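**Q** Structure file final.cif (mmCIF, C-alpha atoms) is given on the next line.
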data_query
loop_
_atom_site.group_PDB
_atom_site.id
_atom_site.type_symbol
_atom_site.label_atom_id
_atom_site.label_comp_id
_atom_site.auth_asym_id
_atom_site.auth_seq_id
_atom_site.Cartn_x
_atom_site.Cartn_y
_atom_site.Cartn_z
ATOM 1 C CA ALA A 16 23.502 35.914 -52.068
ATOM 2 C CA GLU A 17 25.781 34.985 -49.227
ATOM 3 C CA GLY A 18 22.872 33.733 -47.160
ATOM 4 C CA GLY A 19 21.774 31.582 -50.101
ATOM 5 C CA GLU A 20 25.257 30.166 -50.442
ATOM 6 C CA ALA A 21 25.395 29.110 -46.813
ATOM 7 C CA SER A 22 22.125 27.257 -47.006
ATOM 8 C CA GLY A 23 22.500 26.082 -50.610
ATOM 9 C CA GLY A 24 25.740 24.223 -49.877
ATOM 10 C CA ALA A 25 27.263 22.216 -52.718
ATOM 11 C CA ALA A 26 24.671 23.454 -55.183
ATOM 12 C CA ALA A 27 25.938 26.997 -54.743
ATOM 13 C CA GLY A 28 29.509 26.096 -55.524
ATOM 14 C CA ARG A 29 30.969 24.844 -52.247
ATOM 15 C CA PRO A 30 33.023 21.637 -52.611
ATOM 16 C CA PRO A 31 30.904 18.519 -51.926
ATOM 17 C CA GLU A 32 33.419 17.132 -49.379
ATOM 18 C CA ALA A 33 32.731 20.002 -47.018
ATOM 19 C CA GLU A 34 29.018 19.323 -47.385
ATOM 20 C CA GLU A 35 29.333 15.677 -46.466
ATOM 21 C CA ARG A 36 31.696 15.981 -43.534
ATOM 22 C CA PRO A 37 29.064 16.736 -40.863
ATOM 23 C CA ASP A 38 27.112 13.635 -41.919
ATOM 24 C CA LEU A 39 29.916 11.300 -40.861
ATOM 25 C CA SER A 40 29.338 11.939 -37.180
ATOM 26 C CA GLN A 41 25.639 11.254 -37.681
ATOM 27 C CA ALA A 42 26.060 7.874 -39.374
ATOM 28 C CA SER A 43 24.834 6.020 -36.323
ATOM 29 C CA VAL A 44 21.676 8.099 -36.010
ATOM 30 C CA SER A 45 20.929 8.303 -39.718
ATOM 31 C CA ASN A 46 17.206 8.126 -40.358
ATOM 32 C CA GLY A 47 17.524 6.087 -43.518
ATOM 33 C CA SER A 48 17.609 8.956 -46.005
ATOM 34 C CA ASP A 49 21.395 9.276 -46.063
ATOM 35 C CA SER A 50 21.720 7.472 -49.379
ATOM 36 C CA GLU A 51 24.281 9.831 -50.975
ATOM 37 C CA SER A 52 27.003 8.741 -48.583
ATOM 38 C CA GLY A 53 26.097 5.035 -48.755
ATOM 39 C CA LYS A 54 24.501 4.779 -45.319
ATOM 40 C CA GLU A 55 20.905 4.122 -46.290
ATOM 41 C CA LEU A 56 19.333 1.948 -43.587
ATOM 42 C CA VAL A 57 16.743 -0.765 -43.910
ATOM 43 C CA GLU A 58 14.577 -2.109 -41.086
ATOM 44 C CA LEU A 59 14.691 -5.892 -40.691
ATOM 45 C CA LYS A 60 12.923 -8.406 -38.502
ATOM 46 C CA VAL A 61 15.431 -11.108 -37.547
ATOM 47 C CA ILE A 62 13.721 -14.275 -36.284
ATOM 48 C CA TRP A 63 15.683 -16.973 -34.436
ATOM 49 C CA ASN A 64 14.399 -19.683 -32.103
ATOM 50 C CA LYS A 65 11.045 -17.936 -31.557
ATOM 51 C CA ASN A 66 12.934 -14.704 -30.680
ATOM 52 C CA LYS A 67 12.340 -11.615 -32.817
ATOM 53 C CA TYR A 68 14.825 -8.764 -33.156
ATOM 54 C CA ASP A 69 14.091 -5.444 -34.848
ATOM 55 C CA VAL A 70 17.305 -4.355 -36.553
ATOM 56 C CA LYS A 71 18.268 -1.270 -38.576
ATOM 57 C CA PHE A 72 21.071 -2.197 -40.941
ATOM 58 C CA ARG A 73 22.950 -0.560 -43.806
ATOM 59 C CA LEU A 74 21.534 -1.512 -47.173
ATOM 60 C CA ASP A 75 25.012 -1.684 -48.701
ATOM 61 C CA SER A 76 26.294 -4.162 -46.102
ATOM 62 C CA THR A 77 26.887 -7.750 -47.203
ATOM 63 C CA GLY A 78 25.297 -10.971 -45.996
ATOM 64 C CA ALA A 79 28.557 -11.666 -44.101
ATOM 65 C CA ASP A 80 28.194 -8.314 -42.259
ATOM 66 C CA LEU A 81 24.623 -9.220 -41.342
ATOM 67 C CA LYS A 82 25.820 -12.578 -39.932
ATOM 68 C CA GLN A 83 28.239 -10.658 -37.666
ATOM 69 C CA LYS A 84 25.330 -8.483 -36.494
ATOM 70 C CA ILE A 85 23.213 -11.621 -35.833
ATOM 71 C CA HIS A 86 26.158 -13.036 -33.857
ATOM 72 C CA SER A 87 26.148 -9.926 -31.623
ATOM 73 C CA LEU A 88 22.371 -10.273 -31.100
ATOM 74 C CA THR A 89 22.100 -14.022 -30.528
ATOM 75 C CA GLY A 90 25.560 -15.301 -29.616
ATOM 76 C CA LEU A 91 25.284 -17.639 -32.599
ATOM 77 C CA PRO A 92 28.653 -17.828 -34.455
ATOM 78 C CA PRO A 93 28.393 -16.960 -38.190
ATOM 79 C CA ALA A 94 29.649 -20.434 -39.196
ATOM 80 C CA MET A 95 26.661 -22.010 -37.452
ATOM 81 C CA GLN A 96 24.026 -19.683 -38.894
ATOM 82 C CA LYS A 97 21.705 -20.596 -41.720
ATOM 83 C CA VAL A 98 20.305 -17.194 -42.704
ATOM 84 C CA MET A 99 17.279 -17.204 -44.974
ATOM 85 C CA PHE A 100 15.818 -14.466 -47.136
ATOM 86 C CA LYS A 101 14.043 -15.955 -50.201
ATOM 87 C CA GLY A 102 16.425 -18.919 -49.896
ATOM 88 C CA LEU A 103 19.900 -19.043 -48.358
ATOM 89 C CA LEU A 104 21.347 -15.524 -47.889
ATOM 90 C CA PRO A 105 24.494 -15.074 -50.055
ATOM 91 C CA GLU A 106 27.381 -13.814 -47.890
ATOM 92 C CA GLU A 107 29.142 -11.867 -50.633
ATOM 93 C CA LYS A 108 26.171 -9.847 -51.924
ATOM 94 C CA THR A 109 24.800 -6.664 -50.375
ATOM 95 C CA LEU A 110 21.293 -6.428 -48.970
ATOM 96 C CA ARG A 111 20.527 -3.935 -51.746
ATOM 97 C CA GLU A 112 21.608 -6.446 -54.433
ATOM 98 C CA ILE A 113 19.294 -9.157 -53.099
ATOM 99 C CA LYS A 114 16.457 -6.593 -52.862
ATOM 100 C CA VAL A 115 15.919 -6.551 -49.099
ATOM 101 C CA THR A 116 13.274 -3.941 -48.282
ATOM 102 C CA ASN A 117 11.952 -2.333 -45.091
ATOM 103 C CA GLY A 118 10.125 -4.808 -42.855
ATOM 104 C CA ALA A 119 11.813 -7.845 -44.498
ATOM 105 C CA LYS A 120 11.825 -11.005 -42.396
ATOM 106 C CA ILE A 121 15.224 -12.667 -42.018
ATOM 107 C CA MET A 122 14.980 -16.242 -40.692
ATOM 108 C CA VAL A 123 17.945 -17.651 -38.779
ATOM 109 C CA VAL A 124 18.390 -21.358 -38.029
ATOM 110 C CA GLY A 125 21.201 -22.690 -35.867
ATOM 111 C CA SER A 126 22.303 -23.714 -32.385
ATOM 112 C CA THR A 127 24.836 -22.021 -30.136
ATOM 113 C CA ILE A 128 28.007 -23.906 -29.179
ATOM 114 C CA ASN A 129 26.520 -24.772 -25.768
ATOM 115 C CA ASP A 130 23.367 -26.247 -27.318
ATOM 116 C CA VAL A 131 25.516 -28.282 -29.666
ATOM 117 C CA LEU A 132 27.773 -29.657 -26.953
ATOM 118 C CA ALA A 133 24.717 -30.680 -24.967
ATOM 119 C CA VAL A 134 23.384 -32.906 -27.771
ATOM 120 C CA ASN A 135 26.485 -33.705 -29.775
ATOM 121 C CA THR A 136 28.083 -36.482 -27.810
ATOM 122 C CA PRO A 137 25.356 -39.155 -28.177
ATOM 123 C CA LYS A 138 25.013 -38.440 -31.918
ATOM 124 C CA GLU A 139 28.750 -38.784 -32.448
ATOM 125 C CA ALA A 140 28.843 -42.079 -30.591
ATOM 126 C CA ALA A 141 25.976 -43.353 -32.745
ATOM 127 C CA GLN A 142 27.915 -42.396 -35.850
ATOM 128 C CA GLN A 143 31.035 -44.227 -34.672
ATOM 129 C CA GLU A 144 28.963 -47.362 -34.109
ATOM 130 C CA VAL A 145 27.352 -47.119 -37.512
ATOM 131 C CA LYS A 146 30.792 -46.713 -39.125
ATOM 132 C CA ALA A 147 32.153 -49.766 -37.327
ATOM 133 C CA GLU A 148 29.067 -51.709 -38.372
ATOM 134 C CA GLU A 149 29.433 -50.617 -41.998
ATOM 135 C CA ASN A 150 33.044 -51.747 -42.127
ATOM 136 C CA LYS A 151 32.127 -55.276 -41.058
ATOM 137 C CA LYS A 152 29.545 -55.825 -43.767
ATOM 138 C CA GLU A 153 29.767 -56.411 -47.470
ATOM 139 C CA PRO A 154 29.145 -53.296 -49.565
ATOM 140 C CA LEU A 155 25.541 -52.230 -49.158
ATOM 141 C CA CYS A 156 24.933 -52.133 -52.882
ATOM 142 C CA ARG A 157 25.512 -55.910 -53.086
ATOM 143 C CA GLN A 158 22.860 -56.690 -50.498
ATOM 144 C CA LYS A 159 19.703 -58.204 -51.890
ATOM 145 C CA GLN A 160 17.245 -55.495 -50.755
ATOM 146 C CA HIS A 161 19.355 -52.829 -52.520
ATOM 147 C CA ARG A 162 20.213 -54.909 -55.576
ATOM 148 C CA LYS A 163 16.596 -55.171 -56.585
ATOM 149 C CA VAL A 164 16.309 -51.377 -56.819
ATOM 150 C CA LEU A 165 19.760 -50.784 -58.332
ATOM 151 C CA ASP A 166 19.244 -53.458 -60.986
ATOM 152 C CA LYS A 167 16.500 -51.279 -62.469
ATOM 153 C CA GLY A 168 19.329 -48.996 -63.605
ATOM 154 C CA LYS A 169 19.487 -45.230 -63.420
ATOM 155 C CA PRO A 170 16.172 -43.356 -63.396
ATOM 156 C CA ASP A 171 15.579 -41.698 -66.773
ATOM 157 C CA ASP A 172 15.359 -38.250 -65.138
ATOM 158 C CA VAL A 173 18.368 -38.703 -62.829
ATOM 159 C CA MET A 174 20.156 -35.418 -62.019
ATOM 160 C CA PRO A 175 23.611 -34.992 -63.608
ATOM 161 C CA SER A 176 26.543 -35.726 -61.307
ATOM 162 C CA VAL A 177 29.963 -34.102 -61.059
ATOM 163 C CA LYS A 178 32.812 -36.202 -59.653
ATOM 164 C CA GLY A 179 35.443 -34.730 -57.366
ATOM 165 C CA VAL A 180 33.445 -31.581 -56.582
ATOM 166 C CA GLN A 181 31.497 -30.623 -53.453
ATOM 167 C CA GLU A 182 28.572 -28.346 -54.193
ATOM 168 C CA ARG A 183 26.081 -26.503 -52.012
ATOM 169 C CA LEU A 184 22.535 -27.794 -52.111
ATOM 170 C CA PRO A 185 20.740 -26.598 -55.223
ATOM 171 C CA THR A 186 17.825 -24.219 -54.706
ATOM 172 C CA VAL A 187 15.492 -26.654 -56.464
ATOM 173 C CA PRO A 188 14.434 -30.034 -54.980
ATOM 174 C CA LEU A 189 16.732 -32.997 -55.669
ATOM 175 C CA SER A 190 14.721 -35.306 -57.917
ATOM 176 C CA GLY A 191 15.164 -38.283 -60.248
ATOM 177 C CA MET A 192 15.928 -40.785 -57.449
ATOM 178 C CA TYR A 193 14.328 -44.061 -56.312
ATOM 179 C CA ASN A 194 13.249 -45.171 -52.837
ATOM 180 C CA LYS A 195 13.498 -48.771 -51.626
ATOM 181 C CA SER A 196 10.289 -49.837 -53.353
ATOM 182 C CA GLY A 197 11.631 -48.483 -56.648
ATOM 183 C CA GLY A 198 9.237 -45.515 -56.653
ATOM 184 C CA LYS A 199 10.393 -42.049 -57.695
ATOM 185 C CA VAL A 200 11.377 -39.791 -54.814
ATOM 186 C CA ARG A 201 12.483 -36.171 -54.437
ATOM 187 C CA LEU A 202 14.129 -34.399 -51.520
ATOM 188 C CA THR A 203 13.283 -30.786 -50.685
ATOM 189 C CA PHE A 204 15.323 -28.992 -48.025
ATOM 190 C CA LYS A 205 13.017 -26.480 -46.343
ATOM 191 C CA LEU A 206 15.687 -24.564 -44.461
ATOM 192 C CA GLU A 207 13.297 -21.883 -43.172
ATOM 193 C CA GLN A 208 11.307 -24.567 -41.346
ATOM 194 C CA ASP A 209 14.414 -26.700 -40.646
ATOM 195 C CA GLN A 210 12.618 -29.630 -42.335
ATOM 196 C CA LEU A 211 13.431 -32.252 -44.927
ATOM 197 C CA TRP A 212 10.497 -33.086 -47.212
ATOM 198 C CA ILE A 213 10.588 -36.534 -48.807
ATOM 199 C CA GLY A 214 8.115 -36.537 -51.670
ATOM 200 C CA THR A 215 6.724 -39.509 -53.606
ATOM 201 C CA LYS A 216 3.836 -39.709 -56.030
ATOM 202 C CA GLU A 217 1.519 -40.695 -53.186
ATOM 203 C CA ARG A 218 2.535 -38.270 -50.438
ATOM 204 C CA THR A 219 5.121 -35.904 -48.934
ATOM 205 C CA GLU A 220 6.670 -36.700 -45.531
ATOM 206 C CA LYS A 221 7.718 -33.529 -43.675
ATOM 207 C CA LEU A 222 10.519 -34.437 -41.267
ATOM 208 C CA PRO A 223 12.093 -32.008 -38.758
ATOM 209 C CA MET A 224 15.875 -32.098 -39.373
ATOM 210 C CA GLY A 225 16.397 -32.685 -35.637
ATOM 211 C CA SER A 226 14.422 -35.955 -35.782
ATOM 212 C CA ILE A 227 16.885 -37.533 -38.258
ATOM 213 C CA LYS A 228 19.374 -39.450 -36.116
ATOM 214 C CA ASN A 229 21.965 -40.132 -38.796
ATOM 215 C CA VAL A 230 22.703 -40.069 -42.521
ATOM 216 C CA VAL A 231 24.744 -42.836 -44.141
ATOM 217 C CA SER A 232 25.795 -43.097 -47.752
ATOM 218 C CA GLU A 233 27.875 -45.279 -50.025
ATOM 219 C CA PRO A 234 28.906 -44.926 -53.677
ATOM 220 C CA ILE A 235 27.016 -47.270 -56.024
ATOM 221 C CA GLU A 236 29.400 -49.868 -57.413
ATOM 222 C CA GLY A 237 30.145 -49.234 -61.068
ATOM 223 C CA HIS A 238 28.501 -45.785 -60.821
ATOM 224 C CA GLU A 239 30.697 -44.126 -58.190
ATOM 225 C CA ASP A 240 29.476 -40.670 -59.175
ATOM 226 C CA TYR A 241 26.132 -41.560 -57.537
ATOM 227 C CA HIS A 242 25.418 -42.654 -53.972
ATOM 228 C CA MET A 243 22.765 -44.580 -52.157
ATOM 229 C CA MET A 244 21.852 -42.759 -48.978
ATOM 230 C CA ALA A 245 19.792 -43.535 -45.876
ATOM 231 C CA PHE A 246 18.161 -41.195 -43.378
ATOM 232 C CA GLN A 247 17.796 -42.823 -39.952
ATOM 233 C CA LEU A 248 14.356 -41.836 -38.664
ATOM 234 C CA GLY A 249 14.247 -43.943 -35.488
ATOM 235 C CA PRO A 250 16.599 -45.607 -32.995
ATOM 236 C CA THR A 251 17.743 -48.547 -35.170
ATOM 237 C CA GLU A 252 18.769 -49.430 -38.715
ATOM 238 C CA ALA A 253 15.274 -50.761 -39.311
ATOM 239 C CA SER A 254 14.149 -47.121 -39.536
ATOM 240 C CA TYR A 255 16.464 -46.246 -42.458
ATOM 241 C CA TYR A 256 14.736 -44.463 -45.341
ATOM 242 C CA TRP A 257 16.793 -45.360 -48.418
ATOM 243 C CA VAL A 258 17.231 -43.106 -51.448
ATOM 244 C CA TYR A 259 19.148 -44.272 -54.531
ATOM 245 C CA TRP A 260 21.037 -42.318 -57.232
ATOM 246 C CA VAL A 261 21.985 -39.220 -55.205
ATOM 247 C CA PRO A 262 24.543 -37.181 -57.249
ATOM 248 C CA THR A 263 27.893 -37.388 -55.443
ATOM 249 C CA GLN A 264 28.514 -33.611 -55.404
ATOM 250 C CA TYR A 265 25.580 -33.069 -53.021
ATOM 251 C CA VAL A 266 26.298 -35.886 -50.531
ATOM 252 C CA ASP A 267 28.359 -33.786 -48.085
ATOM 253 C CA ALA A 268 25.994 -30.821 -48.335
ATOM 254 C CA ILE A 269 23.030 -33.088 -47.490
ATOM 255 C CA LYS A 270 24.826 -34.545 -44.449
ATOM 256 C CA ASP A 271 25.926 -31.085 -43.292
ATOM 257 C CA THR A 272 22.423 -29.668 -43.709
ATOM 258 C CA VAL A 273 20.634 -32.512 -41.915
ATOM 259 C CA LEU A 274 23.101 -33.230 -39.112
ATOM 260 C CA GLY A 275 24.499 -29.722 -38.712
ATOM 261 C CA LYS A 276 27.920 -28.508 -39.895
ATOM 262 C CA TRP A 277 29.624 -28.970 -36.537
ATOM 263 C CA GLN A 278 29.514 -32.764 -36.948
ATOM 264 C CA TYR A 279 32.214 -32.445 -39.582
ATOM 265 C CA PHE A 280 34.716 -30.008 -38.056
#
Can you turn what I pasted into structure tokens?
**A**
Amino acid sequence: AEGGEASGGAAAGRPPEAEERPDLSQASVSNGSDSESGKELVELKVIWNKNKYDVKFRLDSTGADLKQKIHSLTGLPPAMQKVMFKGLLPEEKTLREIKVTNGAKIMVVGSTINDVLAVNTPKEAAQQEVKAEENKKEPLCRQKQHRKVLDKGKPDDVMPSVKGVQERLPTVPLSGMYNKSGGKVRLTFKLEQDQLWIGTKERTEKLPMGSIKNVVSEPIEGHEDYHMMAFQLGPTEASYYWVYWVPTQYVDAIKDTVLGKWQYF
């Protein structure tokens, strides 16, 4: 019976703490079956900038923990990471809660500080110029080209707006807006591909985020809870792609997503 007790462990009446103690030293070499003590591992493929990393990570770690791990692999600070697993990875939930399984692909989009500094200065200068230009002119919504779209009134399927609140981008496309010819337009943010899709009835333009030089917006007079917004696709204002009736709570999130967070620190 004594031999059985030694091998039977907790089942044969020994306290469970004594049983689990040896496992603690083995946490780092756990083979993934150590679920009782919360150290079950999952194998992930982390993909960033054409680099692939095979990572074993605890299933009960949070998205924020995973961002720290990605930082140690790539040098990319957590604040500059867009981490995708079936949409944007929630920082507060565990990998188990969002149903990450072995072999899952985790997409990471973002630039290191050095990459940012290399490209940031010209973009910032362009923004300063645009701001100065905007201040000189009458409000955009009074200009003739915009008036003819705005005078149509709100689209019947316009998305509801919330004043005084900044929200993250919704997981569904932003729809119920007009473009400059008064046609319906929707914006889809394809974060995995780092693209903005501008869809109309006729076609969908797939634009790399990096090709958009600037984003300008202005509240619509009399309807300040909606904005008109332009994406600058080329070197001058002539390349602005205008979108009308953007709900105000998403304006900052759109600018952050397209231009990169670091523009706004």
**Q** Within 10 Å of (9.6, -20.0, -45.4), all atoms listed in the file: residues as a list of chain:residue names?
**A**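 Those residues, ordered by chain and then number, are A:Met99, A:Phe100, A:Lys101, A:Gly102, A:Lys120, A:Ile121, A:Met122, A:Lys205, A:Leu206, A:Glu207, A:Gln208, A:Asp209.
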**Q** Counting all atoms listed in the file, what is within 6 Å of region 104-115 of chain A, bar same-chain residues fewer than 5 positions away, as a PyMOL selection string?
**A** chain A and resi 74-79+98-99
**Q** Written as a PyMOL selection string, what is the full residue list that the PyMOL selection byres ((chain A and resi 165) around 10) yields on the file shown?
**A** chain A and resi 156-157+159-164+166-170+193+195+197+235-236+243+259-260
**Q** Generate the output file for the selected residues, C-alpha atoms, as a compact mmCIF listing (two decimals), keeping the file's coordinate frame.
**A**
# COMPACT_ATOMS: atom_id res chain seq x y z
CA CYS A 156 24.93 -52.13 -52.88
CA ARG A 157 25.51 -55.91 -53.09
CA LYS A 159 19.70 -58.20 -51.89
CA GLN A 160 17.24 -55.50 -50.76
CA HIS A 161 19.36 -52.83 -52.52
CA ARG A 162 20.21 -54.91 -55.58
CA LYS A 163 16.60 -55.17 -56.58
CA VAL A 164 16.31 -51.38 -56.82
CA ASP A 166 19.24 -53.46 -60.99
CA LYS A 167 16.50 -51.28 -62.47
CA GLY A 168 19.33 -49.00 -63.60
CA LYS A 169 19.49 -45.23 -63.42
CA PRO A 170 16.17 -43.36 -63.40
CA TYR A 193 14.33 -44.06 -56.31
CA LYS A 195 13.50 -48.77 -51.63
CA GLY A 197 11.63 -48.48 -56.65
CA ILE A 235 27.02 -47.27 -56.02
CA GLU A 236 29.40 -49.87 -57.41
CA MET A 243 22.76 -44.58 -52.16
CA TYR A 259 19.15 -44.27 -54.53
CA TRP A 260 21.04 -42.32 -57.23
**Q** Under the rule that all atoms listed in the file are counted, which of A:Ile269, A:Val177, A:Leu202, A:Met95 is the nearest residue to Glu239 (chain A)?
**A** A:Val177
**Q** Care to translate the PyMOL selection byres ((chain A and resi 56) around 6) into actual residues of this file, as a list of chain:residue names?
**A**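 Taken on the displayed file, the PyMOL selection byres ((chain A and resi 56) around 6) yields the residues A:Gly47, A:Glu55, A:Val57, A:Phe72, A:Arg73, A:Leu74.
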**Q** Work out how far apart CA of Pro262 (chain A) and CA of Arg201 (chain A) are and give it in Å to one decimal.
**A**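 Distance between the two atoms: 12.4 Å.
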**Q** Quick one, how far is CA of Asp267 (chain A) from CA of Arg183 (chain A)?
**A**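 Taking CA of Asp267 (chain A) as the start and CA of Arg183 (chain A) as the end point, the length is 8.6 Å.
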**Q** Could you tell me which residues the PyMOL selection byres ((chain A and resi 70) around 8) returns for this structure, as a list of chain:residue names?
**A**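 With the PyMOL selection byres ((chain A and resi 70) around 8) on this model, the match is A:Glu58, A:Leu59, A:Lys60, A:Val61, A:Tyr68, A:Asp69, A:Lys71, A:Phe72.
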**Q** Deliver the residues from the most recent selection as a file, using C-alpha atoms, as a CSV table (one decimal), keeping the file's coordinate frame.
**A**
chain,number,residue,atom,x,y,z
A,58,GLU,CA,14.6,-2.1,-41.1
A,59,LEU,CA,14.7,-5.9,-40.7
A,60,LYS,CA,12.9,-8.4,-38.5
A,61,VAL,CA,15.4,-11.1,-37.5
A,68,TYR,CA,14.8,-8.8,-33.2
A,69,ASP,CA,14.1,-5.4,-34.8
A,71,LYS,CA,18.3,-1.3,-38.6
A,72,PHE,CA,21.1,-2.2,-40.9
**Q** Using CA of Gln181 (chain A) and CA of Val230 (chain A) as the two end points, give the distance in Å to one decimal.
**A**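 CA of Val230 (chain A) lies at a distance of 16.9 Å from CA of Gln181 (chain A).
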**Q** Please list as a ChimeraX atom specification every residue within 7 Å of region 212-225 of chain A, counting all atoms listed in the file and excluding residues in the same chain fewer than 6 positions away.
**A** /A:199-204,273
**Q** For region 246-252 of chain A, list every protein, DNA or RNA residue within 7 Å, evaluated using all atoms listed in the file, and leave out those in the same chain fewer than 3 positions away; present the list as an MDAnalysis selection string.
**A** chainID A and resid 226:231 255:257
